[in-house]
file my_file38.csv (CSV, C-alpha atoms and all ligand atoms)
chain,number,residue,atom,x,y,z
A,1,MET,CA,193.8,93.7,240.5
A,2,HIS,CA,190.6,91.9,239.5
A,3,ASN,CA,189.0,94.5,237.2
A,4,GLY,CA,186.7,95.8,239.9
A,5,ALA,CA,185.1,92.4,240.5
A,6,MET,CA,182.6,92.3,243.3
A,7,ALA,CA,181.8,89.3,245.4
A,8,LYS,CA,178.2,88.4,246.3
A,9,ILE,CA,177.6,88.8,250.0
A,10,THR,CA,175.3,86.2,251.8
A,11,ILE,CA,174.4,86.3,255.5
A,12,LEU,CA,174.1,82.9,257.2
A,13,ARG,CA,173.2,81.9,260.7
A,14,THR,CA,175.2,78.8,261.4
A,15,ASP,CA,178.3,77.2,263.0
A,16,ILE,CA,181.1,78.3,260.6
A,17,THR,CA,182.9,75.0,261.1
A,18,THR,CA,180.1,73.1,259.3
A,19,LEU,CA,180.4,75.0,256.0
A,20,ASP,CA,181.5,73.5,252.7
A,21,VAL,CA,183.4,76.6,251.5
A,22,ASP,CA,186.9,76.9,250.1
A,23,ALA,CA,188.1,79.1,253.0
A,24,VAL,CA,187.0,79.6,256.6
A,25,VAL,CA,188.3,82.7,258.3
A,26,ASN,CA,189.5,82.3,261.9
A,27,ALA,CA,189.3,85.1,264.5
A,28,ALA,CA,192.8,84.1,265.9
A,29,ASN,CA,195.3,85.7,268.2
A,30,ARG,CA,198.8,87.0,267.5
A,31,GLN,CA,200.4,83.8,268.7
A,32,LEU,CA,198.2,81.5,266.5
A,33,ALA,CA,197.9,79.4,269.6
A,34,GLY,CA,194.2,78.6,269.5
A,35,GLY,CA,191.8,79.8,272.1
A,36,GLY,CA,188.1,80.0,272.9
A,37,GLY,CA,185.2,81.2,270.7
A,38,VAL,CA,185.3,80.5,267.0
A,39,ASP,CA,189.1,79.8,267.2
A,40,GLY,CA,188.5,76.9,269.6
A,41,ALA,CA,185.6,75.6,267.5
A,42,ILE,CA,187.8,75.7,264.3
A,43,HIS,CA,190.7,74.0,266.0
A,44,ARG,CA,188.4,71.2,267.4
A,45,ALA,CA,186.8,70.7,264.0
A,46,ALA,CA,190.1,70.8,262.0
A,47,GLY,CA,192.0,68.5,264.4
A,48,PRO,CA,195.7,68.4,265.2
A,49,GLN,CA,196.9,69.2,261.6
A,50,LEU,CA,195.8,72.8,262.2
A,51,SER,CA,197.8,73.4,265.4
A,52,ALA,CA,200.8,71.7,263.7
A,53,ALA,CA,200.5,74.1,260.7
A,54,CYS,CA,200.2,77.1,263.1
A,55,ARG,CA,203.3,76.0,265.0
A,56,LYS,CA,205.2,75.6,261.8
A,57,LEU,CA,204.4,79.2,260.7
A,58,ARG,CA,205.6,80.4,264.1
A,59,GLU,CA,208.9,78.5,263.6
A,60,THR,CA,209.4,79.9,260.1
A,61,SER,CA,207.8,83.0,258.6
A,62,LEU,CA,206.0,84.4,261.7
A,63,PRO,CA,208.5,84.2,264.6
A,64,ASP,CA,206.8,87.2,266.3
A,65,GLY,CA,203.3,86.0,265.5
A,66,LEU,CA,200.6,87.5,263.2
A,67,PRO,CA,200.2,91.3,263.6
A,68,THR,CA,196.7,92.7,264.1
A,69,GLY,CA,194.9,93.3,260.8
A,70,GLN,CA,197.0,90.7,258.9
A,71,SER,CA,196.0,87.3,257.6
A,72,VAL,CA,197.7,84.0,256.8
A,73,ALA,CA,196.4,80.7,255.3
A,74,THR,CA,196.9,77.1,256.6
A,75,THR,CA,195.3,73.7,255.9
A,76,ALA,CA,191.8,73.2,257.3
A,77,GLY,CA,192.6,69.7,258.4
A,78,ASN,CA,189.4,67.6,258.9
A,79,MET,CA,187.0,70.4,257.9
A,80,ALA,CA,185.2,70.4,254.6
A,81,ALA,CA,187.0,73.7,253.7
A,82,LYS,CA,190.4,73.6,252.0
A,83,TRP,CA,192.0,76.5,253.9
A,84,VAL,CA,191.7,78.3,257.2
A,85,ILE,CA,192.6,81.9,256.9
A,86,HIS,CA,193.7,83.2,260.3
A,87,THR,CA,193.3,86.9,261.0
A,88,VAL,CA,193.9,88.9,264.2
A,89,GLY,CA,191.2,91.5,265.0
A,90,PRO,CA,191.8,94.5,267.2
A,91,VAL,CA,190.7,94.5,270.9
A,92,TRP,CA,187.9,97.0,271.1
A,93,ALA,CA,188.7,100.2,273.1
A,94,LYS,CA,186.1,102.9,273.9
A,95,THR,CA,188.4,105.8,273.3
A,96,ILE,CA,190.5,104.5,270.3
A,97,ASP,CA,189.0,104.0,266.8
A,98,LYS,CA,190.4,100.7,265.5
A,99,SER,CA,188.0,100.4,262.6
A,100,ASP,CA,191.0,100.5,260.1
A,101,GLN,CA,192.5,97.5,261.8
A,102,LEU,CA,189.2,95.6,261.7
A,103,ALA,CA,188.6,96.5,258.1
A,104,SER,CA,192.2,95.3,257.3
A,105,CYS,CA,191.3,91.9,258.6
A,106,TYR,CA,188.6,91.5,256.0
A,107,ARG,CA,190.7,93.1,253.2
A,108,THR,CA,193.8,91.0,253.9
A,109,SER,CA,191.8,87.8,254.3
A,110,LEU,CA,190.3,88.4,250.8
A,111,GLN,CA,193.8,89.0,249.5
A,112,VAL,CA,195.0,85.7,250.9
A,113,ALA,CA,191.9,84.0,249.5
A,114,ASP,CA,192.9,85.4,246.1
A,115,GLU,CA,196.4,84.1,246.6
A,116,VAL,CA,195.3,80.5,247.3
A,117,GLY,CA,192.5,80.7,244.7
A,118,ALA,CA,189.5,80.4,247.0
A,119,LYS,CA,186.2,81.3,245.3
A,120,THR,CA,184.0,81.0,248.4
A,121,ILE,CA,184.9,82.2,251.9
A,122,ALA,CA,183.1,82.4,255.3
A,123,PHE,CA,183.9,85.0,257.9
A,124,PRO,CA,182.9,85.0,261.6
A,125,THR,CA,182.1,88.4,263.2
A,126,ILE,CA,185.8,89.2,263.9
A,127,SER,CA,186.5,91.0,267.2
A,128,ALA,CA,182.8,90.8,268.3
A,129,GLY,CA,183.4,88.1,271.0
A,130,VAL,CA,186.3,88.0,273.4
A,131,TYR,CA,187.8,91.1,271.8
A,132,GLY,CA,184.7,93.1,272.7
A,133,TYR,CA,183.6,95.0,269.6
A,134,PRO,CA,180.0,96.2,269.6
A,135,MET,CA,178.0,94.0,267.2
A,136,ASP,CA,176.6,96.9,265.2
A,137,GLU,CA,180.0,98.3,264.5
A,138,ALA,CA,181.6,94.9,263.9
A,139,THR,CA,179.0,93.9,261.3
A,140,ARG,CA,178.9,97.3,259.6
A,141,ILE,CA,182.7,97.2,259.1
A,142,ALA,CA,182.4,93.7,257.8
A,143,VAL,CA,179.7,94.5,255.3
A,144,GLU,CA,181.3,97.7,254.1
A,145,THR,CA,184.8,96.3,253.7
A,146,CYS,CA,183.6,93.2,251.8
A,147,GLN,CA,181.7,95.4,249.5
A,148,GLN,CA,184.6,97.7,248.9
A,149,THR,CA,187.3,95.1,248.3
A,150,ASP,CA,188.3,94.1,244.8
A,151,THR,CA,188.6,90.3,244.8
A,152,ALA,CA,188.3,87.2,242.6
A,153,VAL,CA,186.3,85.6,245.4
A,154,GLU,CA,182.7,84.9,244.1
A,155,THR,CA,180.7,84.5,247.3
A,156,ILE,CA,181.4,85.8,250.8
A,157,TYR,CA,179.4,84.3,253.6
A,158,LEU,CA,179.1,86.5,256.7
A,159,VAL,CA,178.3,84.1,259.4
A,160,ALA,CA,176.1,85.2,262.3
A,161,TYR,CA,176.3,83.1,265.4
A,162,SER,CA,173.4,84.7,267.2
A,163,ALA,CA,170.0,86.3,266.3
A,164,GLU,CA,171.5,89.7,267.3
A,165,ALA,CA,174.4,89.3,264.8
A,166,GLU,CA,172.0,88.2,262.0
A,167,ALA,CA,169.8,91.2,262.6
A,168,GLU,CA,172.8,93.6,262.7
A,169,TYR,CA,174.3,92.1,259.4
A,170,ARG,CA,170.9,92.6,257.7
A,171,THR,CA,170.7,96.2,258.9
A,172,ALA,CA,174.2,96.9,257.8
A,173,LEU,CA,173.5,95.4,254.4
A,174,GLU,CA,170.3,97.5,254.0
A,175,ASN,CA,172.1,100.7,255.0
A,176,SER,CA,175.1,100.2,252.8
B,1,LIG,N1,180.7,79.7,264.2
B,1,LIG,C1,180.6,81.0,263.9
B,1,LIG,N2,180.8,82.1,264.7
B,1,LIG,C2,181.2,81.8,266.0
B,1,LIG,C3,181.4,80.4,266.4
B,1,LIG,C4,181.2,79.4,265.5
B,1,LIG,N3,181.4,78.1,265.8
B,1,LIG,N4,181.8,80.5,267.7
B,1,LIG,C5,181.8,81.8,268.1
B,1,LIG,N5,181.4,82.6,267.1
B,1,LIG,C6,181.3,84.0,267.0
B,1,LIG,C7,181.1,84.7,268.3
B,1,LIG,O1,179.7,84.7,268.7
B,1,LIG,C8,181.5,86.2,268.0
B,1,LIG,O2,180.4,86.9,267.4
B,1,LIG,O3,182.5,84.6,266.5
B,1,LIG,C9,182.5,86.0,266.9
B,1,LIG,C10,183.9,86.3,267.3
B,1,LIG,O4,184.1,86.0,268.6
B,1,LIG,P1,185.5,85.3,269.2
B,1,LIG,O5,185.6,83.9,268.7
B,1,LIG,O6,185.5,85.6,270.7
B,1,LIG,O7,186.6,86.2,268.5
B,1,LIG,P2,187.3,87.7,268.8
B,1,LIG,O8,186.3,88.5,269.5
B,1,LIG,O9,187.9,88.1,267.5
B,1,LIG,O10,188.4,87.3,269.9
B,1,LIG,C11,189.6,86.6,269.4
B,1,LIG,O11,189.4,85.0,271.2
B,1,LIG,O12,189.3,82.7,271.1
B,1,LIG,C12,190.1,83.8,271.3
B,1,LIG,O13,192.1,83.0,270.3
B,1,LIG,C13,191.1,83.9,270.1
B,1,LIG,O14,192.4,85.4,271.4
B,1,LIG,C14,191.5,85.3,270.3
B,1,LIG,C15,190.2,86.0,270.7
call {"tool": "encode", "arguments": {"input": "my_file38.csv", "output": "structure tokens"}}
result
Amino acid sequence: MHNGAMAKITILRTDITTLDVDAVVNAANRQLAGGGGVDGAIHRAAGPQLSAACRKLRETSLPDGLPTGQSVATTAGNMAAKWVIHTVGPVWAKTIDKSDQLASCYRTSLQVADEVGAKTIAFPTISAGVYGYPMDEATRIAVETCQQTDTAVETIYLVAYSAEAEAEYRTALENS
């Protein structure tokens, strides 16, 4: 518990790999194998230390991979950040409400940030790319969950990678 502490939420339109924050969150896959989108960008920016750290996790604590909605920290390799916090978002489905799983990504990433002592963290719009989440829903869940999670993190950057994402984050923040 952190005595009901609230983090400040800031919306930024940028490439998340360029940020000088304590922790950058990665929209990873269960295998922690790298991929396209923000995952690919983070792996390229971090360099081989990151894939080595992911491989090590698979060989030790995560033989079956990282379940959806859970988070784990590794080195950030060559990036300015100290840690990458990997989380696995749900694949969007029209007829199944997976908002609890998506909220869990934000909640467990903030828990891991607290465990490693990160005070600043940047999130991409988890599940809003390859995993197909509508941008309005993805950004609303991001804003609401970050607002509702008790954490020692001081600043949360919600990173928009498009004009649409930025507009949806601002709407979500206004409506929250
Ligand atoms: N900085 C910030 N945001 C980015 C960047 C970047 N450099 N590159 C992409 N994004 C944004 C996308 O525009 C999207 O809004 O990140 C959001 C998440 O998209 P994806 O990276 O596709 O992540 P997700 O939808 O969660 O799918 C995860 O994709 O790359 C694979 O290995 C990954 O299998 C996993 C899946």
call {"tool": "closest_atom_pairs", "arguments": {"input": "my_file38.csv", "of": "stretch 44-134 of chain A", "to": "stretch 9-26 of chain A", "cutoff": "8 Å", "atoms": "only C-alpha atoms", "output": "tab-separated table"}}
result
residue	atom	partner	partner_atom	distance
A:Ala45	CA	A:Thr17	CA	6.5
A:Met79	CA	A:Thr17	CA	6.9
A:Ala80	CA	A:Asp20	CA	5.2
A:Ala81	CA	A:Asp22	CA	4.8
A:Lys82	CA	A:Asp22	CA	5.2
A:Trp83	CA	A:Ala23	CA	4.8
A:Val84	CA	A:Val24	CA	4.9
A:Ile85	CA	A:Val25	CA	4.6
A:His86	CA	A:Asn26	CA	4.6
A:Thr87	CA	A:Asn26	CA	6.0
A:Ser109	CA	A:Val25	CA	7.4
A:Ala113	CA	A:Ala23	CA	7.1
A:Ala118	CA	A:Asp22	CA	5.3
A:Lys119	CA	A:Asp22	CA	6.5
A:Thr120	CA	A:Asp22	CA	5.3
A:Ile121	CA	A:Ala23	CA	4.6
A:Ala122	CA	A:Val24	CA	5.0
A:Phe123	CA	A:Val25	CA	5.0
A:Pro124	CA	A:Val25	CA	6.7
call {"tool": "residues_near_ligand", "arguments": {"input": "my_file38.csv", "ligand": "ligand LIG 1 (chain B)", "cutoff": "9 Å", "atoms": "all atoms listed in the file", "output": "MDAnalysis selection string"}}
result
chainID A and resid 13:18 26:42 87:92 123:133 135 138 159:162 165
call {"tool": "atom_distance", "arguments": {"input": "my_file38.csv", "atom1": "atom CA of A:Leu57", "atom2": "atom CA of A:Gly117"}}
result
20.0 Å
call {"tool": "residues_around", "arguments": {"input": "my_file38.csv", "residues": "A:Ser51", "least_positions_apart": "3", "cutoff": "10 Å", "atoms": "only C-alpha atoms", "output": "ChimeraX atom specification"}}
result
/A:32-34,43-44,46-48,54-57,74-75,77
call {"tool": "atom_distance", "arguments": {"input": "my_file38.csv", "atom1": "atom CA of A:Thr68", "atom2": "atom CA of A:Thr108"}}
result
10.7 Å
call {"tool": "closest_residue", "arguments": {"input": "my_file38.csv", "among": "A:Thr139, A:Asp150, A:Leu50, A:Ser176", "to": "A:Glu164", "atoms": "only C-alpha atoms"}}
result
A:Thr139
